[in-house]
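Source file: model05.pdb; contents: PDB, C-alpha atoms.
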MODEL        1
ATOM      1  CA  MET F 984      11.155  -0.512  12.743
ATOM      2  CA  ALA F 985      10.447  -4.167  12.014
ATOM      3  CA  ALA F 986       7.281  -5.243  10.256
ATOM      4  CA  ASN F 987       4.515  -6.737  12.425
ATOM      5  CA  GLY F 988       2.593  -9.932  11.706
ATOM      6  CA  GLU F 989       2.937 -12.352   8.826
ATOM      7  CA  ILE F 990       3.530 -11.309   5.216
ATOM      8  CA  LEU F 991       0.112 -11.233   3.539
ATOM      9  CA  LYS F 992      -0.368 -12.337  -0.059
ATOM     10  CA  TYR F 993      -2.120  -9.949  -2.428
ATOM     11  CA  ALA F 994      -2.859  -9.321  -6.080
ATOM     12  CA  ILE F 995      -3.202  -6.072  -7.983
ATOM     13  CA  TYR F 996      -6.921  -5.274  -8.178
ATOM     14  CA  LYS F 997      -6.587  -2.088 -10.230
ATOM     15  CA  SER F 998      -4.526   1.011 -10.825
ATOM     16  CA  SER F 999      -5.356   4.511 -11.966
ATOM     17  CA  SER F1000      -2.793   4.418 -14.774
ATOM     18  CA  TYR F1001       0.706   3.282 -15.615
ATOM     19  CA  SER F1002       3.554   4.550 -17.729
ATOM     20  CA  SER F1003       5.231   2.371 -20.385
ATOM     21  CA  ASN F1004       6.398  -0.938 -18.832
ATOM     22  CA  TYR F1005       6.053   0.311 -15.251
ATOM     23  CA  VAL F1006       2.922  -1.733 -14.517
ATOM     24  CA  ALA F1007       1.341  -2.151 -11.087
ATOM     25  CA  GLU F1008       2.381  -5.810 -10.786
ATOM     26  CA  ASN F1009       6.010  -4.649 -10.493
ATOM     27  CA  VAL F1010       5.413  -3.603  -6.849
ATOM     28  CA  MET F1011       4.981  -7.267  -5.899
ATOM     29  CA  VAL F1012       8.707  -8.035  -6.406
ATOM     30  CA  ASP F1013      11.511  -6.335  -4.474
ATOM     31  CA  LYS F1014      14.325  -5.530  -6.921
ATOM     32  CA  PRO F1015      16.050  -2.411  -5.561
ATOM     33  CA  SER F1016      18.807  -2.477  -8.205
ATOM     34  CA  ASP F1017      16.376  -2.677 -11.166
ATOM     35  CA  GLN F1018      15.336   0.761 -12.458
ATOM     36  CA  GLY F1019      12.383  -0.875 -14.256
ATOM     37  CA  SER F1020      10.978  -2.746 -11.251
ATOM     38  CA  ARG F1021       8.331  -0.247 -10.190
ATOM     39  CA  TRP F1022       4.861   1.066 -10.848
ATOM     40  CA  THR F1023       4.867   4.558 -12.292
ATOM     41  CA  SER F1024       1.703   6.532 -12.833
ATOM     42  CA  ASP F1025       1.081   7.936 -16.289
ATOM     43  CA  SER F1026       0.251  11.294 -14.752
ATOM     44  CA  ASN F1027       0.641  13.241 -11.539
ATOM     45  CA  SER F1028      -2.910  14.576 -11.753
ATOM     46  CA  PRO F1029      -5.214  13.235  -9.036
ATOM     47  CA  PRO F1030      -6.495  10.713  -8.502
ATOM     48  CA  GLN F1031      -3.569   8.323  -8.949
ATOM     49  CA  PHE F1032      -3.688   5.065  -6.991
ATOM     50  CA  LEU F1033      -3.010   1.357  -6.672
ATOM     51  CA  VAL F1034      -5.631  -0.979  -5.223
ATOM     52  CA  LEU F1035      -4.388  -4.265  -3.791
ATOM     53  CA  LYS F1036      -6.635  -7.213  -3.000
ATOM     54  CA  LEU F1037      -5.603  -9.576  -0.217
ATOM     55  CA  GLU F1038      -5.907 -13.307  -0.827
ATOM     56  CA  GLN F1039      -8.298 -13.366   2.146
ATOM     57  CA  PRO F1040      -9.540 -10.793   4.686
ATOM     58  CA  ALA F1041      -6.961  -9.870   7.318
ATOM     59  CA  ILE F1042      -6.224  -7.542  10.197
ATOM     60  CA  LEU F1043      -3.555  -5.283   8.700
ATOM     61  CA  GLN F1044      -0.730  -4.218  10.982
ATOM     62  CA  SER F1045       1.905  -2.582   8.780
ATOM     63  CA  ILE F1046       2.976  -1.722   5.255
ATOM     64  CA  LYS F1047       6.532  -1.861   3.972
ATOM     65  CA  PHE F1048       7.751   0.182   1.013
ATOM     66  CA  GLY F1049      10.906  -0.925  -0.765
ATOM     67  CA  LYS F1050      12.838   1.584  -2.846
ATOM     68  CA  TYR F1051      15.353   1.927  -5.642
ATOM     69  CA  GLU F1052      19.023   1.694  -4.626
ATOM     70  CA  LYS F1053      19.470   5.466  -5.133
ATOM     71  CA  THR F1054      17.364   8.554  -4.424
ATOM     72  CA  HIS F1055      14.734   9.154  -7.101
ATOM     73  CA  VAL F1056      12.591  12.170  -8.009
ATOM     74  CA  CYS F1057       9.469   9.984  -8.392
ATOM     75  CA  ASN F1058       9.625   8.579  -4.825
ATOM     76  CA  LEU F1059       6.565   9.393  -2.730
ATOM     77  CA  LYS F1060       7.079  12.416  -0.523
ATOM     78  CA  LYS F1061       3.440  12.218   0.624
ATOM     79  CA  PHE F1062       0.852   9.445   0.361
ATOM     80  CA  LYS F1063      -2.229   7.953   2.002
ATOM     81  CA  VAL F1064      -3.266   4.337   2.552
ATOM     82  CA  TYR F1065      -6.903   3.231   2.832
ATOM     83  CA  GLY F1066      -8.375  -0.178   3.619
ATOM     84  CA  GLY F1067     -11.701  -1.985   3.818
ATOM     85  CA  LEU F1068     -13.634  -5.124   3.028
ATOM     86  CA  SER F1069     -14.802  -3.676  -0.294
ATOM     87  CA  ASN F1070     -13.197  -1.433  -2.869
ATOM     88  CA  GLU F1071     -16.019   1.090  -2.464
ATOM     89  CA  ASN F1072     -15.980   1.472   1.329
ATOM     90  CA  MET F1073     -12.572   2.181   2.869
ATOM     91  CA  VAL F1074     -11.198   4.022   5.886
ATOM     92  CA  GLU F1075      -7.916   5.906   6.084
ATOM     93  CA  LEU F1076      -5.214   3.720   7.623
ATOM     94  CA  LEU F1077      -2.196   6.015   7.204
ATOM     95  CA  GLU F1078      -1.054   9.412   5.984
ATOM     96  CA  SER F1079       2.708   9.720   5.720
ATOM     97  CA  GLY F1080       5.678  10.053   3.378
ATOM     98  CA  LEU F1081       8.847   8.276   2.365
ATOM     99  CA  LYS F1082      12.355   9.585   2.875
ATOM    100  CA  ASN F1083      14.131  10.065  -0.436
ATOM    101  CA  ASN F1084      16.789   7.399   0.099
ATOM    102  CA  HIS F1085      17.385   3.697  -0.644
ATOM    103  CA  LEU F1086      16.274   2.301   2.718
ATOM    104  CA  PRO F1087      12.990   0.349   2.946
ATOM    105  CA  GLU F1088      10.429   1.902   5.309
ATOM    106  CA  VAL F1089       7.781   0.208   7.448
ATOM    107  CA  PHE F1090       4.709   2.069   8.727
ATOM    108  CA  PRO F1091       2.154   0.878  11.274
ATOM    109  CA  LEU F1092      -1.415   0.943   9.965
ATOM    110  CA  ARG F1093      -4.579   1.860  11.801
ATOM    111  CA  ASP F1094      -6.262  -1.436  12.649
ATOM    112  CA  GLU F1095      -8.971  -0.499  15.158
ATOM    113  CA  ILE F1096     -12.338   1.227  15.162
ATOM    114  CA  ASP F1097     -13.769   2.044  18.589
ATOM    115  CA  GLY F1098     -11.169  -0.244  20.187
ATOM    116  CA  ASN F1099     -12.033  -3.245  17.969
ATOM    117  CA  HIS F1100      -9.817  -4.664  15.235
ATOM    118  CA  PHE F1101     -11.405  -4.437  11.802
ATOM    119  CA  PRO F1102     -10.693  -6.616   8.764
ATOM    120  CA  CYS F1103      -9.566  -5.466   5.327
ATOM    121  CA  ARG F1104      -9.558  -7.163   1.951
ATOM    122  CA  PHE F1105      -8.733  -4.150  -0.231
ATOM    123  CA  ILE F1106      -5.892  -1.675   0.267
ATOM    124  CA  LYS F1107      -5.609   1.537  -1.700
ATOM    125  CA  VAL F1108      -2.312   3.456  -1.877
ATOM    126  CA  VAL F1109      -2.792   7.057  -3.030
ATOM    127  CA  PRO F1110       0.299   9.089  -3.977
ATOM    128  CA  ILE F1111      -0.078  12.786  -3.205
ATOM    129  CA  GLN F1112       3.351  14.296  -3.904
ATOM    130  CA  SER F1113       6.682  13.091  -5.314
ATOM    131  CA  TRP F1114      10.136  14.354  -4.333
ATOM    132  CA  GLY F1115      10.636  15.937  -7.760
ATOM    133  CA  SER F1116       9.032  19.125  -8.984
ATOM    134  CA  SER F1117       5.306  19.144  -9.597
ATOM    135  CA  ASN F1118       5.667  17.704 -13.133
ATOM    136  CA  PHE F1119       7.074  14.305 -12.033
ATOM    137  CA  ASN F1120       4.864  11.224 -11.982
ATOM    138  CA  PHE F1121       4.680   8.897  -8.963
ATOM    139  CA  SER F1122       6.665   5.675  -8.527
ATOM    140  CA  ILE F1123       6.217   2.845  -6.051
ATOM    141  CA  TRP F1124       8.999   0.254  -6.108
ATOM    142  CA  TYR F1125       7.771  -2.463  -3.731
ATOM    143  CA  ILE F1126       4.905  -3.050  -1.303
ATOM    144  CA  GLU F1127       4.761  -5.675   1.427
ATOM    145  CA  LEU F1128       1.742  -5.995   3.731
ATOM    146  CA  HIS F1129       1.888  -7.494   7.207
ATOM    147  CA  GLY F1130      -0.908  -8.613   9.485
ATOM    148  CA  ARG F1131      -2.981 -11.515  10.763
ATOM    149  CA  ASP F1132      -5.187 -13.593   8.482
ATOM    150  CA  GLU F1133      -5.920 -16.662  10.626
ATOM    151  CA  PRO F1134      -9.605 -17.473  10.065
ATOM    152  CA  HIS F1135     -10.512 -17.702  13.775
ATOM    153  CA  ILE F1136      -9.095 -14.207  14.443
ATOM    154  CA  VAL F1137     -10.526 -12.562  11.335
ATOM    155  CA  ARG F1138     -13.948 -14.228  11.709
ATOM    156  CA  SER F1139     -14.554 -12.732  15.158
ATOM    157  CA  CYS F1140     -13.499  -9.295  13.885
ATOM    158  CA  MET F1141     -15.782  -9.636  10.855
ATOM    159  CA  ASN F1142     -18.700 -10.615  13.107
ATOM    160  CA  TRP F1143     -18.178  -7.449  15.146
ATOM    161  CA  TYR F1144     -17.661  -5.286  12.050
ATOM    162  CA  ASN F1145     -20.801  -6.582  10.329
ATOM    163  CA  THR F1146     -22.944  -5.700  13.363
ATOM    164  CA  VAL F1147     -21.773  -2.048  13.385
ATOM    165  CA  SER F1148     -21.461  -1.278   9.666
TER     166      SER F1148
ENDMDL
END
Written as structure tokens, how would this file's structure read?
Amino acid sequence: MAANGEILKYAIYKSSSYSSNYVAENVMVDKPSDQGSRWTSDSNSPPQFLVLKLEQPAILQSIKFGKYEKTHVCNLKKFKVYGGLSNENMVELLESGLKNNHLPEVFPLRDEIDGNHFPCRFIKVVPIQSWGSSNFNFSIWYIELHGRDEPHIVRSCMNWYNTVS
């Protein structure tokens, strides 16, 4: 499936942990042949997460996960994605899992509440299970977010959202 919308710019807001040189910022660059180009949690004990902050509020449409060029035991077998205008108040946008292969995967994200598009500024990716046994940490190799961030579109959605929240 192709990604929807424009590629949205983001920064790393925070992460639960990281292992060695596998810092969260690594997910911002797609280097499938580089074993070191990934975020790896320092533990597999919950909660482990990455929080991304969009450059500006947007209507999210999809998330793309890039992967290493080979199967890997730390790939996410199960994960959840949350989003919202603040880091403290998010809704679930997706619950899914990655195939343990080298192919990038794109997932549509929930973008409506009661039939109305809602804006997000923060996105939280929560690993639940890796493909390895229960003692393997989680790795995310690359994240790309797609959606709409034109001010006239987002503003009308924010006006609606602020009246109901």
Please produce, as a tab-separated table, a per-residue contact table for range 1105-1131 of chain F versus range 1066-1089 of chain F (criterion: any atom at most 9 Å away, all atoms listed in the file considered), showing the nearest atom pair and its distance in Å to one decimal, sorted by chain then residue number.
residue	atom	partner	partner_atom	distance
F:Phe1105	CA	F:Gly1067	CA	5.5
F:Ile1106	CA	F:Gly1066	CA	4.4
F:Lys1107	CA	F:Gly1066	CA	6.2
F:Val1108	CA	F:Gly1066	CA	9.0
F:Gln1112	CA	F:Gly1080	CA	8.7
F:Trp1114	CA	F:Asn1083	CA	7.0
F:Tyr1125	CA	F:Pro1087	CA	8.9
F:Glu1127	CA	F:Val1089	CA	8.9
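Put simply, CA of Ser1117 in chain F is 21.1 Å away from CA of Gln1018 in chain F.
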On this file, the PyMOL selection byres ((chain F and resi 1001) around 12) gives some set of residues; write that set as a ChimeraX atom specification.
-> /F:997-1000,1002-1009,1021-1027,1031-1033,1120-1123
Restricting it to C-alpha atoms, dump the selection as a short mmCIF file (atom, residue, chain, number, x, y, z; two decimals), in the coordinates of the input.
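Output file part02.cif follows:
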data_model
loop_
_atom_site.label_atom_id
_atom_site.label_comp_id
_atom_site.auth_asym_id
_atom_site.auth_seq_id
_atom_site.Cartn_x
_atom_site.Cartn_y
_atom_site.Cartn_z
CA LYS F 997 -6.59 -2.09 -10.23
CA SER F 998 -4.53 1.01 -10.82
CA SER F 999 -5.36 4.51 -11.97
CA SER F 1000 -2.79 4.42 -14.77
CA SER F 1002 3.55 4.55 -17.73
CA SER F 1003 5.23 2.37 -20.39
CA ASN F 1004 6.40 -0.94 -18.83
CA TYR F 1005 6.05 0.31 -15.25
CA VAL F 1006 2.92 -1.73 -14.52
CA ALA F 1007 1.34 -2.15 -11.09
CA GLU F 1008 2.38 -5.81 -10.79
CA ASN F 1009 6.01 -4.65 -10.49
CA ARG F 1021 8.33 -0.25 -10.19
CA TRP F 1022 4.86 1.07 -10.85
CA THR F 1023 4.87 4.56 -12.29
CA SER F 1024 1.70 6.53 -12.83
CA ASP F 1025 1.08 7.94 -16.29
CA SER F 1026 0.25 11.29 -14.75
CA ASN F 1027 0.64 13.24 -11.54
CA GLN F 1031 -3.57 8.32 -8.95
CA PHE F 1032 -3.69 5.07 -6.99
CA LEU F 1033 -3.01 1.36 -6.67
CA ASN F 1120 4.86 11.22 -11.98
CA PHE F 1121 4.68 8.90 -8.96
CA SER F 1122 6.66 5.68 -8.53
CA ILE F 1123 6.22 2.84 -6.05
#
Among listed residues F:Tyr1144, F:Val1137, F:Asn1118, F:Ile1126, nearest Gly1098 in chain F (using only C-alpha atoms) = F:Tyr1144
CA of Gln1044 in chain F and CA of Asp1013 in chain F are how many Å apart?
->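 Computing the Euclidean distance for CA of Gln1044 in chain F and CA of Asp1013 in chain F yields 19.8 Å.
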Point-to-point distance in Å for CA of Glu1038 in chain F and CA of Tyr1051 in chain F =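 Between these atoms lies a distance of 26.6 Å.
Closest approach to Met1141 in chain F among F:Ala1041, F:Pro1091, F:Val1056, F:Trp1124 is made by F:Ala1041 (distances from all atoms listed in the file).
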The PyMOL selection byres ((chain F and resi 1111) around 9) resolved against shown file, as an MDAnalysis selection string | chainID F and resid 1027 1029:1031 1059:1063 1109:1110 1112:1113 1121
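Residues captured in this structure file are Ala1041, Ile1042, Leu1043, Arg1093, Asp1094, Glu1095, Ile1096, Asp1097, Gly1098, Asn1099, Phe1101, Pro1102, Cys1103, Ile1136, Val1137, Ser1139, Cys1140, Met1141, Trp1143 and Tyr1144 of chain F, according to the PyMOL selection byres ((chain F and resi 1100) around 10).
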Would you save the residues from that selection as a PDB file, in the coordinates of the input, using C-alpha atoms?
ATOM      1  CA  ALA F1041      -6.961  -9.870   7.318  1.00  0.00           C
ATOM      2  CA  ILE F1042      -6.224  -7.542  10.197  1.00  0.00           C
ATOM      3  CA  LEU F1043      -3.555  -5.283   8.700  1.00  0.00           C
ATOM      4  CA  ARG F1093      -4.579   1.860  11.801  1.00  0.00           C
ATOM      5  CA  ASP F1094      -6.262  -1.436  12.649  1.00  0.00           C
ATOM      6  CA  GLU F1095      -8.971  -0.499  15.158  1.00  0.00           C
ATOM      7  CA  ILE F1096     -12.338   1.227  15.162  1.00  0.00           C
ATOM      8  CA  ASP F1097     -13.769   2.044  18.589  1.00  0.00           C
ATOM      9  CA  GLY F1098     -11.169  -0.244  20.187  1.00  0.00           C
ATOM     10  CA  ASN F1099     -12.033  -3.245  17.969  1.00  0.00           C
ATOM     11  CA  PHE F1101     -11.405  -4.437  11.802  1.00  0.00           C
ATOM     12  CA  PRO F1102     -10.693  -6.616   8.764  1.00  0.00           C
ATOM     13  CA  CYS F1103      -9.566  -5.466   5.327  1.00  0.00           C
ATOM     14  CA  ILE F1136      -9.095 -14.207  14.443  1.00  0.00           C
ATOM     15  CA  VAL F1137     -10.526 -12.562  11.335  1.00  0.00           C
ATOM     16  CA  SER F1139     -14.554 -12.732  15.158  1.00  0.00           C
ATOM     17  CA  CYS F1140     -13.499  -9.295  13.885  1.00  0.00           C
ATOM     18  CA  MET F1141     -15.782  -9.636  10.855  1.00  0.00           C
ATOM     19  CA  TRP F1143     -18.178  -7.449  15.146  1.00  0.00           C
ATOM     20  CA  TYR F1144     -17.661  -5.286  12.050  1.00  0.00           C
TER      21      TYR F1144
END
Put the listed atoms of range 999-1010 of chain F in a box along x, y and z with 3 Å added on every side and give me the centre and edge lengths in Å to one decimal, as JSON.
{"center_x": 0.5, "center_y": -0.6, "center_z": -13.6, "size_x": 17.8, "size_y": 16.4, "size_z": 19.5}
Which residue out of F:Lys1053, F:Ile995, F:Thr1146, F:Asp1017 has the minimum interatomic distance to Val1034 in chain F when all atoms listed in the file are used?
->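 When distances to Val1034 in chain F are compared using all atoms listed in the file, the smallest one comes from F:Ile995.
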